[in-house]
file work06.txt (compact mmCIF, C-alpha atoms)
# COMPACT_ATOMS: atom_id res chain seq x y z
CA MET R 8 -11.11 -30.17 -27.22
CA GLU R 9 -8.13 -27.83 -27.45
CA ARG R 10 -5.30 -28.80 -25.05
CA ILE R 11 -1.75 -27.81 -24.24
CA PRO R 12 0.56 -30.84 -24.56
CA ILE R 13 2.39 -32.15 -21.49
CA LEU R 14 5.64 -34.03 -22.16
CA ARG R 15 7.38 -36.39 -19.78
CA MET R 16 11.15 -36.30 -19.37
CA GLY R 17 12.22 -38.87 -16.81
CA ARG R 18 10.60 -37.88 -13.52
CA ASN R 19 9.68 -34.43 -14.77
CA LEU R 20 6.80 -33.02 -16.77
CA LEU R 21 7.48 -30.32 -19.33
CA VAL R 22 4.92 -27.83 -20.62
CA THR R 23 5.61 -25.20 -23.24
CA ILE R 24 2.83 -22.69 -23.59
CA GLN R 25 2.94 -21.43 -27.14
CA VAL R 26 -0.55 -20.08 -27.68
CA ASP R 27 -2.39 -17.06 -26.34
CA MET R 28 -4.47 -18.96 -23.78
CA HIS R 29 -8.11 -18.23 -23.17
CA ASP R 30 -9.32 -18.85 -19.63
CA GLN R 31 -10.86 -22.26 -20.25
CA LEU R 32 -7.64 -23.51 -21.83
CA ALA R 33 -5.69 -22.36 -18.78
CA MET R 34 -8.11 -24.18 -16.47
CA THR R 35 -7.81 -27.35 -18.56
CA LEU R 36 -4.01 -27.21 -18.35
CA GLN R 37 -4.20 -26.84 -14.56
CA ASP R 38 -6.44 -29.91 -14.29
CA ASP R 39 -4.42 -31.98 -16.79
CA LEU R 40 -1.14 -31.24 -15.03
CA THR R 41 -2.48 -32.17 -11.63
CA GLU R 42 -3.70 -35.50 -13.00
CA ARG R 43 -0.43 -36.20 -14.80
CA ILE R 44 1.67 -35.51 -11.68
CA VAL R 45 -0.12 -38.34 -9.93
CA LYS R 46 -0.39 -40.68 -12.91
CA ASP R 47 3.27 -40.30 -13.95
CA ARG R 48 4.54 -40.00 -10.36
CA ALA R 49 6.32 -36.84 -11.44
CA ARG R 50 8.72 -35.10 -9.08
CA GLY R 51 9.01 -31.90 -11.05
CA VAL R 52 7.01 -29.67 -13.39
CA LEU R 53 8.73 -27.26 -15.73
CA ILE R 54 6.55 -24.61 -17.38
CA ASP R 55 8.14 -22.67 -20.22
CA ILE R 56 6.34 -19.35 -20.76
CA SER R 57 8.95 -17.77 -23.06
CA SER R 58 6.39 -17.54 -25.88
CA LEU R 59 3.80 -15.76 -23.72
CA ASP R 60 3.69 -12.05 -24.49
CA MET R 61 1.29 -11.36 -21.63
CA VAL R 62 0.47 -12.81 -18.21
CA ASP R 63 -2.64 -11.34 -16.63
CA SER R 64 -4.10 -12.08 -13.20
CA PHE R 65 -5.95 -15.16 -14.45
CA ILE R 66 -2.89 -16.80 -15.99
CA GLY R 67 -0.86 -15.70 -12.97
CA ARG R 68 -3.34 -17.39 -10.68
CA MET R 69 -3.18 -20.56 -12.78
CA ILE R 70 0.62 -20.60 -12.40
CA SER R 71 0.34 -20.11 -8.62
CA ASN R 72 -2.32 -22.83 -8.40
CA ILE R 73 -0.20 -25.32 -10.35
CA ALA R 74 2.77 -24.62 -8.05
CA ALA R 75 0.62 -25.06 -4.93
CA MET R 76 -1.10 -28.23 -6.16
CA SER R 77 2.14 -29.84 -7.25
CA ARG R 78 3.69 -29.05 -3.85
CA VAL R 79 0.80 -30.82 -2.15
CA LEU R 80 1.39 -33.77 -4.48
CA ASP R 81 5.12 -33.89 -3.59
CA ALA R 82 6.35 -32.35 -6.83
CA GLN R 83 8.17 -29.07 -7.49
CA THR R 84 7.23 -26.49 -10.12
CA VAL R 85 9.65 -24.19 -11.89
CA VAL R 86 8.46 -21.49 -14.30
CA VAL R 87 11.03 -20.47 -16.89
CA GLY R 88 11.53 -17.94 -19.66
CA MET R 89 9.39 -15.04 -18.56
CA GLN R 90 9.91 -12.09 -20.90
CA PRO R 91 11.17 -8.89 -19.20
CA ALA R 92 8.16 -6.83 -20.36
CA VAL R 93 5.84 -9.48 -18.91
CA ALA R 94 7.69 -9.42 -15.57
CA ILE R 95 7.49 -5.60 -15.36
CA THR R 96 3.78 -5.62 -16.14
CA LEU R 97 3.02 -8.47 -13.76
CA VAL R 98 4.54 -6.66 -10.80
CA GLU R 99 2.80 -3.40 -11.65
CA LEU R 100 -0.46 -5.31 -11.95
CA GLY R 101 0.06 -6.43 -8.36
CA LEU R 102 1.11 -10.06 -8.80
CA ASP R 103 4.37 -11.35 -7.38
CA LEU R 104 3.84 -15.10 -7.93
CA ALA R 105 4.82 -15.75 -4.31
CA GLY R 106 5.79 -19.36 -3.76
CA VAL R 107 6.54 -19.99 -7.43
CA ARG R 108 10.11 -20.91 -8.29
CA THR R 109 11.47 -19.36 -11.47
CA ALA R 110 14.54 -19.74 -13.67
CA LEU R 111 15.76 -17.79 -16.68
CA ASN R 112 15.53 -20.62 -19.22
CA VAL R 113 14.72 -24.31 -19.66
CA GLU R 114 18.30 -25.41 -19.04
CA LYS R 115 18.55 -23.53 -15.75
CA GLY R 116 15.07 -24.68 -14.78
CA MET R 117 15.99 -28.33 -15.34
CA ALA R 118 19.16 -27.85 -13.27
CA LEU R 119 17.07 -26.31 -10.48
CA LEU R 120 14.61 -29.23 -10.55
CA THR R 121 17.51 -31.66 -10.21
CA THR R 122 18.76 -29.90 -7.07
CA LEU R 123 15.27 -29.84 -5.59
CA GLU R 124 14.70 -33.59 -5.84
CA MET L 29 -6.20 21.20 -22.06
CA GLY L 30 -9.26 19.38 -20.71
CA LYS L 31 -9.45 15.67 -20.17
CA GLY L 32 -11.74 14.80 -23.06
CA ASP L 33 -10.11 17.28 -25.42
CA PHE L 34 -8.83 15.06 -28.19
CA ARG L 35 -9.94 13.58 -31.44
CA VAL L 36 -10.47 9.97 -32.36
CA GLU L 37 -8.50 8.83 -35.36
CA ARG L 38 -9.43 5.19 -35.73
CA ALA L 39 -11.69 2.78 -33.92
CA ASP L 40 -12.38 -0.94 -33.74
CA ASP L 41 -15.21 -2.65 -31.89
CA VAL L 42 -14.76 -6.07 -30.34
CA PRO L 43 -17.76 -7.97 -28.98
CA LEU L 44 -17.13 -9.62 -25.61
CA GLY L 45 -19.23 -12.72 -25.06
CA ASN L 46 -16.76 -15.34 -23.86
CA SER L 47 -13.12 -15.90 -22.93
CA GLU L 48 -12.11 -16.47 -26.56
CA ASP L 49 -13.35 -12.97 -27.35
CA VAL L 50 -10.96 -11.71 -24.66
CA VAL L 51 -8.08 -13.34 -26.60
CA ARG L 52 -9.28 -11.60 -29.79
CA LEU L 53 -9.44 -8.33 -27.87
CA ARG L 54 -5.85 -8.75 -26.66
CA GLN L 55 -4.69 -9.36 -30.22
CA ALA L 56 -6.59 -6.33 -31.58
CA VAL L 57 -5.18 -4.07 -28.84
CA ARG L 58 -1.65 -5.40 -29.45
CA GLU L 59 -1.97 -4.62 -33.15
CA ARG L 60 -3.07 -1.03 -32.50
CA ALA L 61 -0.34 -0.53 -29.87
CA ILE L 62 2.30 -1.72 -32.34
CA GLY L 63 0.82 0.55 -35.00
CA LEU L 64 1.18 3.51 -32.63
CA GLY L 65 4.83 2.66 -32.01
CA PHE L 66 4.39 1.72 -28.33
CA SER L 67 7.45 0.18 -26.69
CA LEU L 68 7.25 -3.53 -25.88
CA VAL L 69 6.66 -2.76 -22.19
CA ASP L 70 3.89 -0.26 -23.01
CA GLN L 71 2.29 -2.75 -25.41
CA THR L 72 2.35 -5.42 -22.71
CA LYS L 73 0.85 -3.08 -20.12
CA VAL L 74 -2.06 -1.94 -22.27
CA VAL L 75 -2.76 -5.48 -23.52
CA THR L 76 -2.75 -6.79 -19.93
CA ALA L 77 -5.10 -4.02 -18.77
CA ALA L 78 -7.40 -4.85 -21.70
CA SER L 79 -7.38 -8.52 -20.75
CA GLU L 80 -8.36 -7.76 -17.14
CA LEU L 81 -11.16 -5.37 -18.10
CA GLY L 82 -12.40 -7.57 -20.95
CA ARG L 83 -12.64 -10.50 -18.55
CA ASN L 84 -14.62 -8.35 -16.11
CA THR L 85 -17.08 -7.49 -18.87
CA VAL L 86 -17.53 -11.18 -19.70
CA GLN L 87 -17.60 -12.56 -16.16
CA HIS L 88 -19.31 -9.86 -14.15
CA GLY L 89 -21.16 -7.89 -16.82
CA GLY L 90 -22.60 -10.92 -18.59
CA GLY L 91 -20.87 -9.87 -21.81
CA GLY L 92 -20.74 -6.56 -23.65
CA GLN L 93 -18.49 -4.71 -25.98
CA ALA L 94 -15.05 -3.15 -26.11
CA SER L 95 -13.95 -0.34 -28.38
CA ILE L 96 -10.36 0.41 -29.23
CA GLU L 97 -9.67 3.96 -30.34
CA VAL L 98 -6.54 5.73 -31.46
CA VAL L 99 -6.79 9.20 -29.89
CA VAL L 100 -4.79 12.31 -30.65
CA ASN L 101 -4.28 15.22 -28.28
CA GLY L 102 -2.13 17.85 -29.93
CA THR L 103 1.08 16.02 -30.71
CA ARG L 104 0.33 13.22 -28.28
CA ARG L 105 -1.17 9.95 -29.43
CA GLY L 106 -2.58 7.12 -27.41
CA LEU L 107 -4.99 4.24 -27.13
CA ARG L 108 -8.37 4.65 -25.51
CA LEU L 109 -10.17 1.45 -24.57
CA SER L 110 -13.81 1.40 -23.48
CA PHE L 111 -15.64 -1.56 -21.96
CA ARG L 112 -19.42 -1.50 -21.78
CA ASP L 113 -21.85 -3.99 -20.33
CA GLN L 114 -25.50 -4.01 -19.33
CA GLY L 115 -24.85 -6.25 -16.36
CA PRO L 116 -25.80 -5.92 -12.70
CA GLY L 117 -23.48 -2.96 -12.12
CA ILE L 118 -21.22 -2.26 -9.15
CA ALA L 119 -22.83 -1.10 -5.92
CA ASP L 120 -19.67 0.20 -4.25
CA ILE L 121 -17.08 1.37 -6.77
CA ASN L 122 -14.52 2.41 -4.15
CA GLN L 123 -14.59 -1.07 -2.67
CA ALA L 124 -14.34 -2.66 -6.13
CA LEU L 125 -11.22 -0.59 -6.85
CA GLN L 126 -9.33 -1.98 -3.87
CA ASP L 127 -6.64 -4.60 -4.36
CA GLY L 128 -7.87 -8.03 -3.43
CA PHE L 129 -11.57 -7.21 -3.55
CA THR L 130 -13.33 -9.95 -5.45
CA THR L 131 -16.83 -11.29 -5.90
CA GLY L 132 -15.76 -14.01 -8.31
CA LYS L 133 -13.00 -16.55 -8.46
CA GLY L 134 -10.28 -14.10 -9.46
CA MET L 135 -7.59 -12.45 -7.40
CA GLY L 136 -9.32 -9.10 -7.19
CA LEU L 137 -6.68 -7.34 -9.26
CA GLY L 138 -8.75 -6.69 -12.38
CA LEU L 139 -9.89 -3.14 -11.72
CA SER L 140 -7.12 -1.98 -9.39
CA GLY L 141 -4.39 -3.56 -11.50
CA SER L 142 -5.64 -2.23 -14.83
CA ARG L 143 -5.92 1.22 -13.25
CA ARG L 144 -2.23 1.05 -12.31
CA LEU L 145 -1.36 -0.02 -15.85
CA SER L 146 -3.18 2.96 -17.41
CA ASP L 147 -2.49 6.70 -17.62
CA GLU L 148 -6.17 7.60 -17.31
CA PHE L 149 -8.95 5.53 -15.83
CA SER L 150 -12.63 6.20 -15.35
CA ILE L 151 -15.52 4.02 -14.31
CA GLU L 152 -19.25 4.60 -14.30
CA SER L 153 -21.64 2.05 -12.97
CA THR L 154 -25.32 2.01 -12.11
CA PRO L 155 -26.75 -1.01 -10.31
CA GLY L 156 -29.21 -2.76 -12.59
CA VAL L 157 -28.12 -0.76 -15.64
CA GLY L 158 -24.51 -1.63 -16.34
CA THR L 159 -20.89 -0.59 -16.16
CA THR L 160 -18.57 1.37 -18.41
CA VAL L 161 -14.82 1.50 -17.86
CA VAL L 162 -12.59 3.72 -20.00
CA ILE L 163 -8.80 3.73 -19.92
CA ILE L 164 -6.18 5.63 -21.90
CA ARG L 165 -2.54 4.84 -22.34
CA TRP L 166 -0.55 7.62 -24.01
CA LYS L 167 2.56 7.03 -25.99
CA PRO L 168 5.39 8.79 -24.11
CA PHE L 169 7.12 11.58 -26.03
call {"tool": "encode", "arguments": {"input": "work06.txt", "output": "structure tokens"}}
result
Amino acid sequence: MERIPILRMGRNLLVTIQVDMHDQLAMTLQDDLTERIVKDRARGVLIDISSLDMVDSFIGRMISNIAAMSRVLDAQTVVVGMQPAVAITLVELGLDLAGVRTALNVEKGMALLTTLE
Amino acid sequence: MGKGDFRVERADDVPLGNSEDVVRLRQAVRERAIGLGFSLVDQTKVVTAASELGRNTVQHGGGGQASIEVVVNGTRRGLRLSFRDQGPGIADINQALQDGFTTGKGMGLGLSGSRRLSDEFSIESTPGVGTTVVIIRWKPF
């Protein structure tokens, strides 16, 4: 089955979404990440969406769910690299990703995770 | 000039049976939007609206079909997207158009959000017969 790879870097998990995700793939990523947080005892999750040229309500909900689930599992989530056109569209669509921490790029996201630990 | 007063230049049909078809739809809409010279923000808006409405067709309509048309109105050009299903239909359209209204597992932003992302939006639905949603996004002058 098609999957999005999850990499471990120390106490953090790193996901780079590089494909146009269909809904089932997004659901699988949500499940896989939740399992890996527990299995790897991760303290942080960094999701790089710089390659995504669109975030609709389904993908937005997946991002919110991952942030909420990781919080419950004592880990922090930071979403990085959102393209400006995606951000404009997301807000007009009606999504504000409340409760999701964001950073401009991977480097800043990693720095943020370090301060959150 | 009346609302439907334009001609169709090109059209593609995309079947919508599952969530992978929605990805194909997004790619087809993106291609047409680029071809029309839409800005990156306008491309993103119309592709996102297409994704929301395509998902509705799959999830709530039990599948159906989308058509992507390049429309011309005088000197104005745009993309018209139509979504048709023969699903259960929507009993209360006004309620369905409200933010946060959902019958499924979504966030209830599909219809209301795609309406905000479009220049023109129309919906026709008959319970037991099906639903058709049509949106247009014009390229700004």
call {"tool": "axis_aligned_box", "arguments": {"input": "work06.txt", "around": "range 65-84 of chain R", "padding_each_side": "8 Å", "output": "lines of an AutoDock Vina configuration file"}}
result
center_x = 1.1
center_y = -24.5
center_z = -9.1
size_x = 30.1
size_y = 34.7
size_z = 29.8
call {"tool": "interface_residues", "arguments": {"input": "work06.txt", "of": "chain L", "to": "chain R", "cutoff": "7 Å", "atoms": "only C-alpha atoms", "output": "VMD selection string"}}
result
chain L and resid 47 to 48 51 68 to 69 72 to 73 76 79 to 80 134 to 135 137 141 to 142 144 to 145
call {"tool": "write_last_selection", "arguments": {"input": "work06.txt", "atoms": "C-alpha atoms", "output": "PDB file, keeping the file's coordinate frame"}}
result
ATOM      1  CA  SER L  47     -13.120 -15.900 -22.930  1.00  0.00           C
ATOM      2  CA  GLU L  48     -12.110 -16.470 -26.560  1.00  0.00           C
ATOM      3  CA  VAL L  51      -8.080 -13.340 -26.600  1.00  0.00           C
ATOM      4  CA  LEU L  68       7.250  -3.530 -25.880  1.00  0.00           C
ATOM      5  CA  VAL L  69       6.660  -2.760 -22.190  1.00  0.00           C
ATOM      6  CA  THR L  72       2.350  -5.420 -22.710  1.00  0.00           C
ATOM      7  CA  LYS L  73       0.850  -3.080 -20.120  1.00  0.00           C
ATOM      8  CA  THR L  76      -2.750  -6.790 -19.930  1.00  0.00           C
ATOM      9  CA  SER L  79      -7.380  -8.520 -20.750  1.00  0.00           C
ATOM     10  CA  GLU L  80      -8.360  -7.760 -17.140  1.00  0.00           C
ATOM     11  CA  GLY L 134     -10.280 -14.100  -9.460  1.00  0.00           C
ATOM     12  CA  MET L 135      -7.590 -12.450  -7.400  1.00  0.00           C
ATOM     13  CA  LEU L 137      -6.680  -7.340  -9.260  1.00  0.00           C
ATOM     14  CA  GLY L 141      -4.390  -3.560 -11.500  1.00  0.00           C
ATOM     15  CA  SER L 142      -5.640  -2.230 -14.830  1.00  0.00           C
ATOM     16  CA  ARG L 144      -2.230   1.050 -12.310  1.00  0.00           C
ATOM     17  CA  LEU L 145      -1.360  -0.020 -15.850  1.00  0.00           C
TER      18      LEU L 145
END
call {"tool": "residues_around", "arguments": {"input": "work06.txt", "residues": "Gly90 in chain L", "least_positions_apart": "5", "cutoff": "8 Å", "atoms": "all atoms listed in the file", "output": "list of chain:residue names"}}
result
L:Gly45, L:Thr85, L:Asp113, L:Gln114, L:Gly115
call {"tool": "atom_distance", "arguments": {"input": "work06.txt", "atom1": "CA of Thr84 in chain R", "atom2": "CA of Gly106 in chain R"}}
result
9.7 Å
call {"tool": "residues_around", "arguments": {"input": "work06.txt", "residues": "range 8-20 of chain R", "least_positions_apart": "3", "cutoff": "10 Å", "atoms": "all atoms listed in the file", "output": "number ranges by chain"}}
result
R: 23-26, 28, 31-33, 35-36, 39-40, 43-44, 47-54, 82-84, 117, 120-121, 124
call {"tool": "atom_distance", "arguments": {"input": "work06.txt", "atom1": "CA of Ala61 in chain L", "atom2": "CA of Ala94 in chain L"}}
result
15.4 Å
call {"tool": "atom_distance", "arguments": {"input": "work06.txt", "atom1": "CA of Val87 in chain R", "atom2": "CA of Ala110 in chain R"}}
result
4.8 Å
